[in-house]
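Student: Structure provided below as structure tokens; questions to follow.
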Amino acid sequence: MGSAQNKRKGLLQCLDEGVVIGDGGFVFALEKRGYVKAGTWTPEACVENPDAVRQLHREFLRAGSDVMQTFTFYANDDKLANRRNEAGKTFTGHEINNEACKLAREVAGEGDCFVAGGFSQHPNYQPGTNKEKVQEVFRKQVDVFVENEVDFLICEYFQHVEEIIWAIEVCKETKLPVAANMCIGPEGDVNHISCGECAVKMVKAAMEPRTCSRWDIHRFAREAYDLGVRYIGGCCGFEPYHIRAIAEELAEERGKKPKASEKHDMWGGGLRMHTKPWVRARACRSYWEKINPSSGRPYSASYSKPDN
């Protein structure tokens with residue numbers, strides 16, 4: 001059964017009335033913890049290590065998430081066959097999806113949250129040629145979500161607009177709200193750009209690999225909210241403290257702070273208790289907003305730049 005919140009208000013009503021905070025990324029977080037294999041990224045941890053998945057749900061809940069999204073990224077039979085688990089350990093898509101729904105529902109009930117059923121692109125998608133096959137794979141996942149009475153559906157991490165349209169069509173066979181997003185850049189479909197051209201573009205943009213700080217996410221949340229965005233969350237790389245930053249930045253709009261803020265002062269306020277005066281001087285928003293993170297790559301803030 002749905003949570004108490006969902007019996008009172010649906011997702012769309014909550015979005016009309018305020019802001020809804022999603023959760024972060026499970027794949028990378030659980031890979032870092034040793035529960036997901038890099039490269040395959042399939043979510044058999046829902047069956048093999050449910051306590052790990054449950055704990056990460058709880059960390060996002062504590063950080064302020066209003067939504068528990070099922071850990072079902074790449075959880076379809078074709079993808080599992082394409083990236084088979086370790087020797088002898090085979091799980092069906094139905095088994096993983098079902099367990100993922102139970103875990104998300106359990107933790108959602110602890111915090112009066114929504115449950116979202118999420119699925120991603122098909123590994124064997126071919127433009128314009130195999131619509132029925134692809135949609136049947138999507139439908140198998142969606143059927144499990146419907147059986148488990150999730151509150152809404154998310155189509156995530158699609159690279160082809162045609163494929164995500166096929167996914168949305170399947171989702172709309174249900175009566176559930178549907179969210180959809182794509183992993184493309186400003187040039188459009190990633191498969192229409194060569195690797196060489198992408199590399200040149202990235203060099204010209206001075207792209208550097210680094211994890212967003214909590215201060216970056218404060219800024220992101222505020223800018224997104226000011227643009228009118230009312231569902232704000234994260235994906236791969238988003239840890240619970242990133243979600244906490246969103247919840248803290250929008251605490252006034254939401255009328256509450258997350259439980260994870262009980263021992264955390266925003267913008268380093270807790271540093272006022274430090275014994276060193278130069279550390280206490282950092283206990284203000286202006287210091288952290290102006291900081292320029294150093295990645296260690298050439299021309300980053302960690303390297304000097306001579307005038308000539």
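Each chain of the structure tokens is named A, B, ... in the order shown, its residues numbered from 1; ligands are numbered from 1 in display order.
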Got a sec to tell me which of range 148-178 of chain A DSSP assigns to strand (DSSP E or B), as an MDAnalysis selection string?

Tutor: chainID A and resid 152:158 178

Student: When you look at range 107-115 of chain A with a cut-off of 9 Å (counting only C-alpha atoms), what residues show up, excluding the ones that are within fewer than 6 positions of it in the same chain? I need them as an mmCIF file with N, CA and C atoms, in the first residue's frame.

Tutor:
data_model
loop_
_atom_site.group_PDB
_atom_site.id
_atom_site.type_symbol
_atom_site.label_atom_id
_atom_site.label_comp_id
_atom_site.auth_asym_id
_atom_site.auth_seq_id
_atom_site.Cartn_x
_atom_site.Cartn_y
_atom_site.Cartn_z
ATOM 1 N N GLY A 2 0.353 2.344 -0.521
ATOM 2 C CA GLY A 2 1.108 3.578 -0.556
ATOM 3 C C GLY A 2 1.286 4.148 0.831
ATOM 4 N N SER A 3 2.215 5.076 0.974
ATOM 5 C CA SER A 3 2.460 5.695 2.270
ATOM 6 C C SER A 3 1.340 6.652 2.607
ATOM 7 N N ALA A 4 1.335 7.129 3.858
ATOM 8 C CA ALA A 4 0.287 8.030 4.298
ATOM 9 C C ALA A 4 0.267 9.305 3.462
ATOM 10 N N GLN A 5 1.445 9.824 3.136
ATOM 11 C CA GLN A 5 1.526 11.041 2.334
ATOM 12 C C GLN A 5 0.858 10.835 0.985
ATOM 13 N N ASN A 6 1.129 9.683 0.366
ATOM 14 C CA ASN A 6 0.627 9.443 -0.972
ATOM 15 C C ASN A 6 -0.874 9.206 -0.996
ATOM 16 N N GLY A 10 -1.022 13.268 -4.265
ATOM 17 C CA GLY A 10 -0.219 12.608 -5.278
ATOM 18 C C GLY A 10 0.985 13.454 -5.643
ATOM 19 N N LEU A 11 1.870 12.902 -6.458
ATOM 20 C CA LEU A 11 3.081 13.608 -6.855
ATOM 21 C C LEU A 11 2.763 14.933 -7.535
ATOM 22 N N ARG A 54 19.098 -1.137 1.337
ATOM 23 C CA ARG A 54 18.185 -0.546 2.331
ATOM 24 C C ARG A 54 18.872 0.598 3.085
ATOM 25 N N GLN A 55 20.137 0.392 3.463
ATOM 26 C CA GLN A 55 20.865 1.417 4.202
ATOM 27 C C GLN A 55 21.058 2.681 3.378
ATOM 28 N N HIS A 57 19.123 3.721 0.923
ATOM 29 C CA HIS A 57 17.809 4.370 0.907
ATOM 30 C C HIS A 57 17.630 5.209 2.177
ATOM 31 N N ARG A 58 17.988 4.631 3.311
ATOM 32 C CA ARG A 58 17.800 5.329 4.585
ATOM 33 C C ARG A 58 18.695 6.559 4.700
ATOM 34 N N LEU A 61 16.988 9.166 2.703
ATOM 35 C CA LEU A 61 15.819 9.606 3.463
ATOM 36 C C LEU A 61 16.240 10.570 4.563
ATOM 37 N N ARG A 62 17.261 10.210 5.299
ATOM 38 C CA ARG A 62 17.761 11.060 6.385
ATOM 39 C C ARG A 62 18.265 12.394 5.848
ATOM 40 N N SER A 65 15.422 13.317 1.240
ATOM 41 C CA SER A 65 14.710 12.873 0.042
ATOM 42 C C SER A 65 13.223 12.664 0.330
ATOM 43 N N ASP A 66 12.396 13.096 -0.622
ATOM 44 C CA ASP A 66 10.955 12.846 -0.562
ATOM 45 C C ASP A 66 10.565 11.625 -1.386
ATOM 46 N N VAL A 67 11.528 11.081 -2.116
ATOM 47 C CA VAL A 67 11.270 9.976 -3.041
ATOM 48 C C VAL A 67 12.291 8.871 -2.836
ATOM 49 N N MET A 68 11.827 7.636 -2.750
ATOM 50 C CA MET A 68 12.702 6.479 -2.768
ATOM 51 C C MET A 68 12.558 5.828 -4.146
ATOM 52 N N GLN A 69 13.558 6.014 -4.996
ATOM 53 C CA GLN A 69 13.513 5.414 -6.328
ATOM 54 C C GLN A 69 14.071 4.008 -6.270
ATOM 55 N N THR A 70 13.391 3.068 -6.884
ATOM 56 C CA THR A 70 13.837 1.679 -6.878
ATOM 57 C C THR A 70 15.220 1.562 -7.520
ATOM 58 N N CYS A 101 11.569 -3.019 -5.351
ATOM 59 C CA CYS A 101 10.334 -2.331 -4.970
ATOM 60 C C CYS A 101 10.048 -2.501 -3.483
ATOM 61 N N GLU A 149 2.625 -1.320 -6.694
ATOM 62 C CA GLU A 149 1.925 -0.070 -6.392
ATOM 63 C C GLU A 149 2.867 1.106 -6.143
ATOM 64 N N VAL A 150 3.856 1.282 -7.044
ATOM 65 C CA VAL A 150 4.697 2.476 -6.934
ATOM 66 C C VAL A 150 3.848 3.707 -7.217
ATOM 67 N N ASP A 151 4.363 4.862 -6.829
ATOM 68 C CA ASP A 151 3.580 6.087 -6.953
ATOM 69 C C ASP A 151 3.751 6.780 -8.303
ATOM 70 N N PHE A 152 4.907 6.610 -8.927
ATOM 71 C CA PHE A 152 5.095 7.142 -10.275
ATOM 72 C C PHE A 152 6.268 6.437 -10.933
ATOM 73 N N LEU A 153 6.464 6.693 -12.225
ATOM 74 C CA LEU A 153 7.485 6.015 -13.017
ATOM 75 C C LEU A 153 8.523 7.010 -13.529
#

Student: Of the residues A:Cys235, A:Phe138, A:Glu163, A:His218, which is the one nearest to Phe71 in chain A, using only C-alpha atoms?

Tutor: A:Cys235

Student: Residues near Arg219 in chain A, anyone? I mean within 9 Å using only C-alpha atoms, not counting same-chain ones fewer than 4 positions away, as a PyMOL selection string.

Tutor: chain A and resi 214-215+223-224+246+249+289

Student: For Val19 in chain A, find every residue with an atom within 10 Å (counting only C-alpha atoms), except residues of its own chain fewer than 2 positions away, and show them as an MDAnalysis selection string.

Tutor: chainID A and resid 14:17 21:22 66 225 228:232 247 250 253:254

Student: Mind dumping the selected residues with N, CA and C atoms as an mmCIF file, in the first residue's frame?

Tutor:
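Result saved to again_19.cif:
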data_model
loop_
_atom_site.group_PDB
_atom_site.id
_atom_site.type_symbol
_atom_site.label_atom_id
_atom_site.label_comp_id
_atom_site.auth_asym_id
_atom_site.auth_seq_id
_atom_site.Cartn_x
_atom_site.Cartn_y
_atom_site.Cartn_z
ATOM 1 N N CYS A 14 1.686 17.599 -5.152
ATOM 2 C CA CYS A 14 2.817 18.080 -4.354
ATOM 3 C C CYS A 14 3.707 19.025 -5.160
ATOM 4 N N LEU A 15 3.884 18.733 -6.452
ATOM 5 C CA LEU A 15 4.686 19.598 -7.306
ATOM 6 C C LEU A 15 3.992 20.933 -7.535
ATOM 7 N N ASP A 16 2.675 20.912 -7.629
ATOM 8 C CA ASP A 16 1.917 22.147 -7.791
ATOM 9 C C ASP A 16 2.022 23.036 -6.558
ATOM 10 N N GLU A 17 2.124 22.400 -5.397
ATOM 11 C CA GLU A 17 2.098 23.141 -4.134
ATOM 12 C C GLU A 17 3.489 23.513 -3.611
ATOM 13 N N ILE A 21 11.939 16.689 -3.422
ATOM 14 C CA ILE A 21 13.363 16.362 -3.531
ATOM 15 C C ILE A 21 13.525 14.872 -3.800
ATOM 16 N N GLY A 22 14.218 14.559 -4.892
ATOM 17 C CA GLY A 22 14.480 13.168 -5.236
ATOM 18 C C GLY A 22 15.653 12.621 -4.437
ATOM 19 N N ASP A 66 12.396 13.096 -0.622
ATOM 20 C CA ASP A 66 10.955 12.846 -0.562
ATOM 21 C C ASP A 66 10.565 11.625 -1.386
ATOM 22 N N TYR A 225 15.491 25.967 -8.521
ATOM 23 C CA TYR A 225 14.217 26.412 -7.926
ATOM 24 C C TYR A 225 13.795 27.754 -8.518
ATOM 25 N N GLY A 228 12.021 27.635 -11.667
ATOM 26 C CA GLY A 228 10.690 27.046 -11.638
ATOM 27 C C GLY A 228 10.681 25.537 -11.516
ATOM 28 N N VAL A 229 11.873 24.928 -11.374
ATOM 29 C CA VAL A 229 11.950 23.479 -11.219
ATOM 30 C C VAL A 229 11.457 23.109 -9.821
ATOM 31 N N ARG A 230 10.583 22.100 -9.749
ATOM 32 C CA ARG A 230 10.037 21.718 -8.459
ATOM 33 C C ARG A 230 10.315 20.262 -8.098
ATOM 34 N N TYR A 231 10.976 19.519 -8.975
ATOM 35 C CA TYR A 231 11.473 18.176 -8.644
ATOM 36 C C TYR A 231 12.978 18.234 -8.828
ATOM 37 N N ILE A 232 13.706 18.159 -7.729
ATOM 38 C CA ILE A 232 15.153 18.348 -7.775
ATOM 39 C C ILE A 232 15.832 17.178 -7.068
ATOM 40 N N ALA A 247 18.126 19.880 0.410
ATOM 41 C CA ALA A 247 17.100 20.029 1.445
ATOM 42 C C ALA A 247 17.388 21.229 2.350
ATOM 43 N N LEU A 250 16.696 24.587 0.462
ATOM 44 C CA LEU A 250 15.267 24.846 0.265
ATOM 45 C C LEU A 250 14.460 24.610 1.539
ATOM 46 N N GLU A 253 11.507 27.053 1.948
ATOM 47 C CA GLU A 253 10.408 26.763 1.024
ATOM 48 C C GLU A 253 9.637 25.516 1.437
ATOM 49 N N ARG A 254 10.342 24.545 1.991
ATOM 50 C CA ARG A 254 9.708 23.286 2.391
ATOM 51 C C ARG A 254 9.144 23.336 3.801
#

Student: Can you tell me, as a VMD selection string, which residues in range 42-170 of chain A count as alpha helix (DSSP H) by DSSP?

Tutor: chain A and resid 45 to 48 50 to 63 77 to 82 93 to 111 131 to 147 161 to 170

Student: Could you tell me how far CA of Asp77 in chain A lies from CA of Val134 in chain A, in Å and to one decimal?

Tutor: 11.4 Å

Student: Fewer than 4 positions away in the same chain doesn't count, so skip those; otherwise give me all residues within 10 Å of Cys155 in chain A, counting only C-alpha atoms, as a count of residues only.

Tutor: 17

Student: Choose the residue, out of A:Val47, A:Ile184, A:Cys236, A:Ala281, that has the smallest atom-to-atom separation from Leu30 in chain A; count only C-alpha atoms.

Tutor: A:Cys236

Student: A:Thr42, A:Gln126, A:Asn97, A:Gln159: which is nearest Phe145 in chain A, counting only C-alpha atoms?

Tutor: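 Looking at the shortest contact to Phe145 in chain A, the residue is A:Asn97.
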
Student: At a cut-off of 10 Å, using only C-alpha atoms, what residues contact Gly270 in chain A? Leave out same-chain residues fewer than 4 positions from it and give the result as a PyMOL selection string.

Tutor: chain A and resi 263-266+274+280+282-284

Student: Pick out the residues sitting within 12 Å of Glu262 in chain A, and hand them over as a ChimeraX atom specification; count only C-alpha atoms, and ignore anything fewer than 6 positions along from it in its own chain.

Tutor: /A:62-64,244,248,256,270

Student: Provide the CA of Lys290 in chain A to CA of Ile243 in chain A distance in Å, to one decimal place.

Tutor: 21.1 Å

Student: Could you tell me how far CA of Gly233 in chain A lies from CA of Gly25 in chain A, in Å and to one decimal?

Tutor: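 According to the coordinates, CA of Gly233 in chain A and CA of Gly25 in chain A are separated by 9.3 Å.
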
Student: Which residue is closest to Asn292 in chain A? Choose from A:Met273, A:Ala245, A:Val146, A:Cys212 and count only C-alpha atoms.

Tutor: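 Of the candidates, the smallest distance to Asn292 in chain A is held by A:Cys212.
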